[in-house]
>>> print(open('structure34.txt').read())   # compact mmCIF, C-alpha atoms
# COMPACT_ATOMS: atom_id res chain seq x y z
CA MET A 1 87.23 137.08 80.46
CA LYS A 2 86.65 133.74 78.83
CA LYS A 3 90.38 133.18 78.66
CA MET A 4 90.66 134.05 82.33
CA LYS A 5 87.98 131.48 83.12
CA VAL A 6 89.77 128.86 81.08
CA ILE A 7 93.06 129.56 82.81
CA LEU A 8 91.34 129.47 86.18
CA GLY A 9 89.70 126.18 85.23
CA ILE A 10 93.01 124.65 84.26
CA SER A 11 94.61 125.80 87.51
CA ILE A 12 91.81 124.31 89.55
CA LEU A 13 92.11 121.04 87.65
CA ALA A 14 95.85 120.99 88.18
CA VAL A 15 95.48 121.69 91.87
CA ALA A 16 92.66 119.20 92.25
CA GLY A 17 95.03 116.63 90.78
CA PHE A 18 97.25 117.15 93.79
CA PHE A 19 96.37 114.80 96.58
CA MET A 20 93.20 113.52 94.96
CA VAL A 21 93.78 110.70 97.35
CA ALA A 22 96.88 110.09 99.34
CA ALA A 23 99.90 107.86 98.99
CA ASP A 24 98.97 105.98 95.83
CA HIS A 25 95.38 105.14 96.77
CA ILE A 26 93.10 105.68 93.79
CA ASP A 27 95.89 107.56 92.06
CA ALA A 28 94.73 107.32 88.47
CA PRO A 29 91.47 106.79 86.55
CA ALA A 30 92.37 103.47 84.92
CA VAL A 31 93.04 101.62 88.16
CA GLN A 32 91.11 103.37 90.89
CA GLY A 33 88.96 101.16 93.02
CA GLY A 34 89.99 98.05 91.07
CA THR A 35 91.88 94.96 92.13
CA SER A 36 95.12 96.21 90.55
CA ASP A 37 95.11 99.59 92.34
CA ILE A 38 98.29 99.80 94.40
CA THR A 39 97.69 101.87 97.52
CA ASP A 40 101.14 101.82 99.05
CA PHE A 41 104.66 100.48 98.88
CA TYR A 42 107.14 100.17 101.76
CA ALA A 43 110.73 98.95 101.90
CA PHE A 44 112.63 98.79 105.18
CA GLN A 45 115.16 96.85 107.22
CA GLY A 46 113.68 93.84 109.01
CA GLN A 47 113.69 92.87 112.67
CA ASN A 48 116.61 90.68 111.63
CA THR A 49 118.88 93.42 110.29
CA ASP A 50 120.35 91.02 107.72
CA ASN A 51 116.99 91.25 105.93
CA VAL A 52 114.89 93.87 104.19
CA VAL A 53 111.10 93.86 103.95
CA PHE A 54 108.89 94.79 101.01
CA VAL A 55 105.21 95.58 101.47
CA ALA A 56 102.71 96.06 98.64
CA ASN A 57 99.16 97.05 99.50
CA VAL A 58 96.26 96.96 97.05
CA GLN A 59 92.51 97.66 97.20
CA GLY A 60 92.47 100.53 99.71
CA LEU A 61 89.77 102.00 101.91
CA LEU A 62 88.15 98.64 102.71
CA SER A 63 85.65 98.87 105.54
CA PRO A 64 85.74 95.96 108.01
CA MET A 65 82.54 94.65 106.42
CA ALA A 66 83.99 94.88 102.91
CA THR A 67 87.23 93.25 104.03
CA ALA A 68 85.51 89.98 104.84
CA ASP A 69 84.59 89.62 101.16
CA ALA A 70 87.78 91.07 99.68
CA THR A 71 90.05 88.75 97.71
CA PHE A 72 93.21 89.01 95.67
CA ASP A 73 92.53 88.87 91.93
CA GLU A 74 94.03 85.79 90.26
CA ASN A 75 94.52 87.83 87.09
CA VAL A 76 96.64 90.46 88.84
CA LEU A 77 100.37 89.91 89.28
CA ILE A 78 102.12 92.00 91.92
CA GLU A 79 105.78 92.47 91.07
CA PHE A 80 108.47 93.93 93.32
CA ASN A 81 111.23 95.41 91.16
CA ILE A 82 114.81 95.85 92.34
CA ASP A 83 117.43 97.77 90.39
CA THR A 84 120.89 96.91 91.71
CA THR A 85 122.91 98.86 89.12
CA GLY A 86 121.50 102.39 89.44
CA ASP A 87 119.89 102.71 86.01
CA ASN A 88 116.28 102.37 87.24
CA VAL A 89 115.81 99.18 85.21
CA GLU A 90 115.00 96.09 87.24
CA ASN A 91 117.72 93.44 87.65
CA LEU A 92 115.67 91.33 90.05
CA VAL A 93 111.96 90.78 90.56
CA ILE A 94 109.90 89.09 93.23
CA GLN A 95 106.49 88.18 91.83
CA ALA A 96 103.35 87.37 93.81
CA ILE A 97 100.28 85.78 92.20
CA PRO A 98 97.29 84.20 93.95
CA ARG A 99 95.89 80.79 93.02
CA ASP A 100 93.08 78.98 94.85
CA GLY A 101 93.53 80.54 98.28
CA LYS A 102 97.32 80.56 98.21
CA MET A 103 99.82 83.26 97.29
CA TYR A 104 102.67 82.03 95.11
CA PHE A 105 105.94 83.93 95.18
CA PHE A 106 108.65 83.58 92.53
CA GLY A 107 112.17 84.94 92.97
CA PRO A 108 114.08 87.01 93.59
CA THR A 109 115.15 86.26 90.07
CA ASN A 110 116.48 88.02 87.02
CA PRO A 111 113.41 88.65 84.82
CA GLY A 112 113.38 87.39 81.26
CA THR A 113 112.17 90.79 80.08
CA THR A 114 112.10 94.15 81.83
CA GLY A 115 109.45 96.82 81.62
CA LEU A 116 105.71 96.78 81.10
CA ASN A 117 105.08 93.17 80.04
CA SER A 118 105.90 90.18 82.23
CA SER A 119 105.59 86.45 82.29
CA ILE A 120 105.49 84.63 85.57
CA GLU A 121 109.06 83.62 86.30
CA THR A 122 108.35 80.00 87.11
CA ALA A 123 112.05 79.17 86.78
CA GLY A 124 112.66 81.30 89.88
CA ALA A 125 112.42 79.85 93.38
CA GLN A 126 108.77 79.16 94.22
CA SER A 127 107.42 79.87 97.71
CA VAL A 128 103.79 79.42 98.72
CA VAL A 129 101.73 80.61 101.67
CA ASP A 130 98.03 80.26 102.43
CA ILE A 131 96.26 83.61 102.13
CA SER A 132 95.28 84.60 105.67
CA PRO A 133 91.50 84.80 106.04
CA TYR A 134 89.91 87.93 107.51
CA GLY A 135 89.69 87.71 111.28
CA SER A 136 92.29 84.97 111.69
CA ASN A 137 95.88 85.22 112.88
CA ALA A 138 98.47 86.00 110.24
CA ILE A 139 99.59 82.86 108.42
CA THR A 140 103.27 83.23 107.56
CA LYS A 141 105.78 80.92 105.95
CA THR A 142 109.55 80.73 105.60
CA SER A 143 110.62 79.29 102.28
CA ASN A 144 113.77 79.57 100.14
CA GLY A 145 115.12 82.08 102.64
CA LEU A 146 112.05 84.35 102.31
CA LYS A 147 109.38 85.11 104.86
CA ILE A 148 106.04 85.58 103.14
CA PHE A 149 102.52 86.74 104.00
CA ALA A 150 99.37 87.68 102.10
CA GLY A 151 96.03 88.80 103.46
CA PRO A 152 93.99 91.69 104.84
CA ARG A 153 95.71 94.11 107.26
CA ASP A 154 95.02 97.51 108.73
CA ASP A 155 96.01 100.20 106.23
CA PRO A 156 99.33 101.46 107.63
CA PHE A 157 98.92 104.79 105.83
CA PHE A 158 97.81 107.84 107.81
CA MET A 159 96.89 111.36 106.70
CA ASP A 160 94.23 114.01 107.18
CA PHE A 161 93.09 113.70 103.61
CA ALA A 162 89.65 115.14 104.35
CA GLN A 163 91.13 118.43 105.53
CA TYR A 164 93.50 118.54 102.59
CA SER A 165 90.46 118.22 100.33
CA GLU A 166 88.87 121.16 102.13
CA ILE A 167 92.03 123.21 101.55
CA ILE A 168 92.11 122.30 97.86
CA ALA A 169 88.40 123.10 97.55
CA GLY A 170 89.01 126.54 99.03
CA ASN A 171 86.96 125.86 102.14
CA ALA A 172 89.91 125.98 104.52
CA THR A 173 93.25 127.76 104.63
CA GLY A 174 95.22 125.17 106.56
CA PHE A 175 95.27 121.90 108.45
CA ASN A 176 93.66 121.40 111.85
CA ASN A 177 95.69 120.62 114.92
CA PRO A 178 95.22 117.89 115.87
CA GLY A 179 94.31 116.46 112.47
CA SER A 180 92.04 113.51 111.79
CA ASP A 181 93.32 110.34 110.09
CA THR A 182 91.06 109.75 107.09
CA PHE A 183 92.36 106.17 106.81
CA ALA A 184 91.63 105.21 110.40
CA GLY A 185 89.58 102.04 110.68
CA THR A 186 90.16 100.96 107.07
CA ASN A 187 91.94 97.91 105.70
CA VAL A 188 93.97 96.92 102.65
CA MET A 189 94.94 93.66 100.99
CA SER A 190 98.59 93.27 101.84
CA ILE A 191 101.56 91.28 100.51
CA VAL A 192 104.67 91.20 102.69
CA VAL A 193 107.97 89.55 101.81
CA GLU A 194 111.16 89.62 103.87
CA VAL A 195 114.36 88.97 101.92
CA PRO A 196 117.97 88.44 102.98
CA LYS A 197 120.04 91.43 101.89
CA GLY A 198 122.52 88.97 100.41
CA MET A 199 119.97 88.07 97.71
CA LEU A 200 119.85 91.74 96.62
CA GLY A 201 123.57 92.43 96.47
CA GLY A 202 124.33 92.59 100.19
CA SER A 203 125.29 96.24 100.59
CA GLY A 204 124.93 99.67 99.02
CA THR A 205 121.68 101.22 97.81
CA VAL A 206 119.15 99.64 95.46
CA ASN A 207 116.21 101.29 93.73
CA THR A 208 112.88 99.60 94.28
CA TRP A 209 109.30 99.92 93.14
CA VAL A 210 106.18 97.80 92.84
CA GLU A 211 103.99 97.13 89.81
CA SER A 212 100.61 95.55 89.24
CA LYS A 213 100.12 93.69 85.98
CA ARG A 214 96.94 92.17 84.61
CA LYS A 215 96.71 88.95 82.61
CA GLN A 216 95.75 89.57 78.99
CA MET B 217 89.46 41.41 67.95
CA LYS B 218 86.29 42.73 69.46
CA THR B 219 86.58 40.13 72.23
CA LEU B 220 90.08 41.26 72.89
CA LEU B 221 88.80 44.80 73.24
CA ASN B 222 86.11 43.59 75.61
CA ILE B 223 88.71 41.80 77.69
CA LYS B 224 90.74 44.99 77.76
CA ASN B 225 87.67 46.87 78.89
CA ILE B 226 86.93 44.33 81.58
CA ILE B 227 90.50 44.54 82.83
CA ALA B 228 90.27 48.31 82.77
CA VAL B 229 87.04 48.20 84.75
CA LEU B 230 88.58 45.80 87.24
CA MET B 231 91.60 48.08 87.60
CA ILE B 232 89.37 51.06 88.08
CA SER B 233 87.38 49.14 90.69
CA GLY B 234 90.64 48.30 92.39
CA LEU B 235 91.63 51.93 92.39
CA ALA B 236 88.26 53.00 93.70
CA PHE B 237 88.47 50.32 96.39
CA ASN B 238 91.94 51.45 97.41
CA CYS B 239 90.86 55.04 97.56
CA SER B 240 88.47 54.29 100.35
CA ASN B 241 87.70 57.94 100.98
CA ASP B 242 87.12 58.61 97.36
CA ASP B 243 83.62 57.39 96.55
CA ASP B 244 82.96 59.47 93.47
CA MET B 245 84.13 56.76 91.01
CA ASN B 246 87.00 58.81 89.60
CA THR B 247 88.77 56.70 87.03
CA VAL B 248 92.16 58.26 87.79
CA THR B 249 93.82 58.90 91.10
CA PRO B 250 93.52 62.65 91.71
CA MET B 251 96.92 64.26 91.29
CA PRO B 252 97.82 67.67 92.75
CA THR B 253 97.94 69.86 89.66
CA GLU B 254 100.30 72.79 89.28
CA PRO B 255 98.33 76.03 88.90
CA ASP B 256 98.34 77.71 85.53
CA PHE B 257 100.98 80.43 85.50
CA SER B 258 101.03 80.91 81.74
CA GLY B 259 100.19 84.08 79.89
CA LEU B 260 101.28 87.65 79.48
CA TYR B 261 100.79 90.17 82.29
CA VAL B 262 100.64 93.83 81.29
CA GLN B 263 101.27 96.75 83.60
CA GLN B 264 98.43 98.79 85.09
CA ASP B 265 99.82 100.55 88.16
CA GLN B 266 103.19 101.21 89.74
CA MET B 267 104.59 103.05 92.72
CA GLY B 268 107.93 103.91 94.23
CA ARG B 269 107.74 106.87 96.58
CA PRO B 270 104.45 107.73 98.28
CA ALA B 271 102.04 110.20 96.72
CA VAL B 272 104.22 111.15 93.77
CA ASN B 273 101.69 110.46 91.02
CA THR B 274 98.85 111.64 93.22
CA VAL B 275 100.55 114.91 94.07
CA PHE B 276 102.53 115.85 91.00
CA GLY B 277 100.79 114.19 88.09
CA SER B 278 98.23 116.25 86.21
CA SER B 279 94.88 114.50 85.88
CA ALA B 280 95.29 113.74 82.20
CA SER B 281 98.69 112.10 82.59
CA LYS B 282 98.22 109.95 85.68
CA ASP B 283 97.46 106.78 83.76
CA MET B 284 100.39 107.31 81.41
CA TYR B 285 102.72 107.89 84.36
CA ASN B 286 101.68 104.52 85.77
CA ILE B 287 102.71 102.72 82.60
CA THR B 288 105.97 104.53 81.90
CA PRO B 289 109.03 102.59 83.11
CA PRO B 290 110.95 104.50 85.82
CA SER B 291 113.99 104.81 83.57
CA GLN B 292 111.87 106.91 81.17
CA GLN B 293 109.79 108.89 83.67
CA GLY B 294 112.27 111.71 84.29
CA ALA B 295 112.49 112.77 80.66
CA ALA B 296 108.74 112.47 80.17
CA PHE B 297 107.38 114.08 83.33
CA GLN B 298 109.90 116.31 85.16
CA SER B 299 108.79 119.47 83.38
CA MET B 300 105.09 118.88 84.16
CA PHE B 301 105.91 118.10 87.78
CA GLN B 302 107.82 121.35 88.09
CA THR B 303 104.94 123.34 86.62
CA ASN B 304 102.51 121.74 89.05
CA LEU B 305 104.81 122.18 92.04
CA MET B 306 105.28 125.87 91.34
CA ALA B 307 101.55 126.37 90.79
CA LEU B 308 100.78 124.75 94.12
CA SER B 309 103.39 126.09 96.45
CA PRO B 310 104.45 129.69 97.08
CA ALA B 311 107.68 128.32 98.58
CA TYR B 312 109.24 128.12 95.10
CA ALA B 313 107.92 131.48 93.80
CA ASN B 314 111.17 133.45 93.92
CA PRO B 315 114.40 132.83 92.03
CA GLY B 316 116.75 130.76 94.17
CA ASP B 317 113.97 129.27 96.28
CA ALA B 318 114.67 125.76 97.52
CA ASN B 319 113.42 123.27 100.07
CA ALA B 320 115.17 122.10 103.21
CA LEU B 321 117.17 119.55 101.24
CA GLY B 322 118.61 122.44 99.24
CA LEU B 323 116.74 121.34 96.11
CA ASP B 324 115.17 123.96 93.87
CA ALA B 325 111.96 123.24 91.96
CA ALA B 326 113.74 121.74 88.95
CA THR B 327 116.06 119.53 90.98
CA PHE B 328 113.37 118.42 93.42
CA THR B 329 110.95 117.44 90.67
CA GLY B 330 113.83 115.80 88.78
CA LEU B 331 114.37 113.59 91.80
CA LEU B 332 110.67 112.82 92.25
CA ALA B 333 109.73 112.22 88.63
CA THR B 334 111.73 108.98 88.55
CA ASP B 335 109.41 107.14 90.89
CA VAL B 336 111.65 104.64 92.62
CA LEU B 337 112.15 104.18 96.34
CA ASN B 338 115.82 104.12 97.27
CA LEU B 339 116.60 101.38 99.77
CA SER B 340 119.81 101.19 101.78
CA LEU B 341 121.16 97.73 102.53
CA ASP B 342 123.61 99.19 105.05
CA GLY B 343 121.57 100.41 107.99
CA THR B 344 118.75 102.79 108.88
CA THR B 345 115.88 102.72 106.42
CA THR B 346 113.61 105.75 106.54
CA PHE B 347 111.96 108.23 104.22
CA TYR B 348 113.34 111.03 106.39
CA ASP B 349 114.18 110.98 110.08
CA GLY B 350 115.99 114.29 110.48
CA THR B 351 119.33 112.70 109.61
CA ASN B 352 118.83 110.03 106.97
CA VAL B 353 117.09 110.99 103.73
CA LEU B 354 115.45 108.55 101.30
CA THR B 355 117.07 105.35 102.54
CA GLY B 356 113.78 103.45 102.45
CA ARG B 357 110.26 103.85 103.80
CA ALA B 358 109.38 102.47 107.21
CA LEU B 359 105.78 101.87 108.23
CA ALA B 360 105.84 104.58 110.90
CA ASP B 361 107.43 107.27 108.71
CA ASP B 362 105.21 110.36 108.53
CA VAL B 363 105.75 110.60 104.79
CA ILE B 364 102.94 113.06 104.12
CA THR B 365 104.27 115.63 106.57
CA VAL B 366 107.75 115.16 105.11
CA GLU B 367 106.40 115.77 101.62
CA LEU B 368 104.29 118.74 102.74
CA LEU B 369 107.39 120.24 104.39
CA LEU B 370 109.43 119.73 101.24
CA ILE B 371 106.65 121.22 99.11
CA PHE B 372 105.52 124.11 101.33
CA GLY B 373 108.10 124.50 104.10
CA GLY B 374 110.79 126.40 102.23
CA GLU B 375 114.49 126.36 103.06
CA ASP B 376 114.10 125.78 106.79
CA PHE B 377 110.64 124.18 107.12
CA SER B 378 109.28 127.49 108.49
CA GLU B 379 107.24 128.73 105.53
CA ASN B 380 103.48 128.15 105.17
CA PRO B 381 103.21 126.39 108.55
CA THR B 382 99.48 125.71 108.28
CA LEU B 383 100.05 123.82 105.00
CA SER B 384 103.22 121.94 105.85
CA ASN B 385 101.89 119.53 108.49
CA ASP B 386 98.62 117.64 108.50
CA ASN B 387 99.06 116.94 112.23
CA VAL B 388 98.40 113.24 111.85
CA ASP B 389 101.70 111.79 112.95
CA ALA B 390 101.08 108.09 113.50
CA ASN B 391 98.98 105.15 112.41
CA ASP B 392 95.66 104.32 114.06
CA LYS B 393 96.96 100.90 115.20
CA PRO B 394 100.42 100.05 116.52
CA PHE B 395 102.70 98.15 114.15
CA LEU B 396 104.19 94.79 115.09
CA ALA B 397 107.86 94.38 115.98
CA SER B 398 108.06 91.19 113.95
CA PHE B 399 106.87 89.77 110.63
CA PRO B 400 104.43 90.64 109.02
CA TYR B 401 104.85 94.01 110.81
CA LEU B 402 101.49 95.46 109.68
CA ALA B 403 98.70 95.55 112.25
CA SER B 404 95.80 93.13 112.03
CA ALA B 405 92.76 94.20 110.04
CA TRP B 406 89.92 96.15 111.65
>>> encode(input="structure34.txt", output="structure tokens")
Amino acid sequence: MKKMKVILGISILAVAGFFMVAADHIDAPAVQGGTSDITDFYAFQGQNTDNVVFVANVQGLLSPMATADATFDENVLIEFNIDTTGDNVENLVIQAIPRDGKMYFFGPTNPGTTGLNSSIETAGAQSVVDISPYGSNAITKTSNGLKIFAGPRDDPFFMDFAQYSEIIAGNATGFNNPGSDTFAGTNVMSIVVEVPKGMLGGSGTVNTWVESKRKQ
Amino acid sequence: MKTLLNIKNIIAVLMISGLAFNCSNDDDMNTVTPMPTEPDFSGLYVQQDQMGRPAVNTVFGSSASKDMYNITPPSQQGAAFQSMFQTNLMALSPAYANPGDANALGLDAATFTGLLATDVLNLSLDGTTTFYDGTNVLTGRALADDVITVELLLIFGGEDFSENPTLSNDNVDANDKPFLASFPYLASAW
């Protein structure tokens, strides 16, 4: 009986781990709710089809009131990683780091070291844009062939997370129709960079991911 | 010698006065002309979080391993986490309960979790970029992609998306604000 309880407990824990929160919002204990918590990553072809766009969102579930006070953390580096050779090791990075109200971008450039530890690649092309304040129009910049933006935006993620939680908790057997978007009306801190495909190899498929790294 | 020093000081003071006079908007008696200083980009930055495809760590990582998954380079994630992902997938979804069960991409539990465990987002440089649009699979992730329903279908929907219908669509199909056609594409904050 005790063993049964233990097994049941483990199953519930395992299932509760599923969809604790969606996309990557609050995905793990060490980062949840902090300034390095990545909520989402997007990569898609731009309006100009010669370009691709990378989006990294951090600090999810910001209410409009909280958004006015939200800032990027100067100790947190956001790094877009691009593997052009198919081995899931980055060959190019685009780094974004805030300083004094501006977001500095470096790259795309071949990183000195790959993996978990990074230096800021100041030898790479440097592009700078003012961080857009809450409530103002988006401030964008074109620099070194990149289009860049940093500031608060509506969270583009959508999901009926509340109902999924009810299902996981055993209080419901399925989703509602229509569902209700748990992320409606919430904001994120967003970094958007549009890059000419030619800087990433021009054609074929690349593997991409985003990392947050904190200054030691 | 001391006089010489004094003369030097007097000259220095005169020069400073000159500078201060020239900088007519600068009345705080700075002794040097303010120079724009390059921000400090030194130091070592150590990984805390990472993400490729949506919801992978959230959905497939067991509670105890979520932090470790976030600090394992993608090239090492498959070997370290595929087995755990498969266990969790099969515990969650009845769609993989029987031998030979697969999802609509034709991937069985081992192959599907093998794909997902290496958490990178594939991005095509040759055309349509979408998580899944009925034709293209994993060629990127567009803002409007209903990635959760796609993942629910691949987890619960079985070979033809028909299994477990109440679990395989959350019935939230679009964002709460329209996206922009042009840069920066995301909608303005609420």
>>> closest_residue(input="structure34.txt", among="B:Asn314, B:Ser278, B:Gln263, B:Ser309", to="Phe297 of chain B", atoms="all atoms listed in the file")
B:Ser278
>>> closest_atom_pairs(input="structure34.txt", of="chain B", to="chain A", cutoff="7 Å", atoms="only C-alpha atoms", output="Markdown table")
| residue | atom | partner | partner_atom | distance |
| --- | --- | --- | --- | --- |
| B:Pro255 | CA | A:Arg99 | CA | 6.8 |
| B:Phe257 | CA | A:Ile120 | CA | 6.2 |
| B:Ser258 | CA | A:Ile120 | CA | 7.0 |
| B:Gly259 | CA | A:Ser119 | CA | 6.4 |
| B:Leu260 | CA | A:Ser119 | CA | 5.3 |
| B:Tyr261 | CA | A:Lys215 | CA | 4.3 |
| B:Val262 | CA | A:Asn117 | CA | 4.7 |
| B:Gln263 | CA | A:Lys213 | CA | 4.0 |
| B:Gln264 | CA | A:Lys213 | CA | 5.4 |
| B:Asp265 | CA | A:Ser212 | CA | 5.2 |
| B:Gln266 | CA | A:Glu211 | CA | 4.2 |
| B:Met267 | CA | A:Val210 | CA | 5.5 |
| B:Gly268 | CA | A:Trp209 | CA | 4.4 |
| B:Pro270 | CA | A:Ala23 | CA | 4.6 |
| B:Ala271 | CA | A:Ala23 | CA | 3.9 |
| B:Asn273 | CA | A:Asp27 | CA | 6.6 |
| B:Thr274 | CA | A:Asp27 | CA | 5.2 |
| B:Val275 | CA | A:Phe18 | CA | 4.0 |
| B:Phe276 | CA | A:Phe18 | CA | 6.1 |
| B:Gly277 | CA | A:Gly17 | CA | 6.8 |
| B:Ser278 | CA | A:Gly17 | CA | 5.6 |
| B:Ser279 | CA | A:Gly17 | CA | 5.3 |
| B:Lys282 | CA | A:Ala28 | CA | 5.2 |
| B:Asp283 | CA | A:Ala28 | CA | 5.5 |
| B:Ile287 | CA | A:Leu116 | CA | 6.8 |
| B:Pro289 | CA | A:Gly115 | CA | 6.0 |
| B:Pro290 | CA | A:Asn88 | CA | 5.9 |
| B:Ser291 | CA | A:Asn88 | CA | 5.0 |
| B:Asn304 | CA | A:Ala14 | CA | 6.8 |
| B:Leu308 | CA | A:Val15 | CA | 6.5 |
| B:Val336 | CA | A:Trp209 | CA | 5.3 |
| B:Leu337 | CA | A:Thr208 | CA | 5.1 |
| B:Asn338 | CA | A:Asn207 | CA | 4.5 |
| B:Leu339 | CA | A:Val206 | CA | 5.3 |
| B:Ser340 | CA | A:Thr205 | CA | 4.4 |
| B:Leu341 | CA | A:Ser203 | CA | 4.8 |
| B:Asp342 | CA | A:Ser203 | CA | 5.6 |
| B:Thr345 | CA | A:Phe44 | CA | 5.2 |
| B:Gly356 | CA | A:Ala43 | CA | 5.5 |
| B:Arg357 | CA | A:Tyr42 | CA | 5.2 |
| B:Ala358 | CA | A:Phe44 | CA | 5.3 |
| B:Leu359 | CA | A:Pro156 | CA | 6.5 |
| B:Ile364 | CA | A:Met159 | CA | 6.8 |
| B:Thr382 | CA | A:Gly174 | CA | 4.6 |
| B:Leu383 | CA | A:Gly174 | CA | 5.3 |
| B:Asp386 | CA | A:Phe175 | CA | 5.4 |
| B:Asn387 | CA | A:Gly179 | CA | 4.8 |
| B:Val388 | CA | A:Gly179 | CA | 5.2 |
| B:Ala390 | CA | A:Phe158 | CA | 6.6 |
| B:Asn391 | CA | A:Phe158 | CA | 5.5 |
| B:Asp392 | CA | A:Ala184 | CA | 5.5 |
| B:Ala397 | CA | A:Gln47 | CA | 6.9 |
| B:Ser398 | CA | A:Gln47 | CA | 6.0 |
| B:Pro400 | CA | A:Val192 | CA | 6.4 |
| B:Leu402 | CA | A:Arg153 | CA | 6.4 |
| B:Ala403 | CA | A:Asp154 | CA | 5.5 |
| B:Ser404 | CA | A:Arg153 | CA | 4.9 |
| B:Ala405 | CA | A:Arg153 | CA | 4.1 |
| B:Trp406 | CA | A:Pro64 | CA | 5.5 |
>>> atom_distance(input="structure34.txt", atom1="atom CA of Ala326 of chain B", atom2="atom CA of Glu367 of chain B")
15.8 Å
>>> residues_near_point(input="structure34.txt", point="(115.1, 125.9, 99.6)", cutoff="12 Å", atoms="all atoms listed in the file", output="ChimeraX atom specification")
/B:310-328,369-379
>>> atom_distance(input="structure34.txt", atom1="atom CA of Val272 of chain B", atom2="atom CA of Pro111 of chain A")
25.9 Å
>>> atom_distance(input="structure34.txt", atom1="atom CA of Gln298 of chain B", atom2="atom CA of Ala172 of chain A")
29.5 Å
>>> residues_around(input="structure34.txt", residues="Val129 of chain A", least_positions_apart="2", cutoff="6 Å", atoms="all atoms listed in the file", output="list in words")
Lys102, Met103 and Lys141 of chain A
>>> closest_residue(input="structure34.txt", among="A:Thr109, A:Asn57, A:Thr71, A:Ser143", to="Asn91 of chain A", atoms="only C-alpha atoms")
A:Thr109
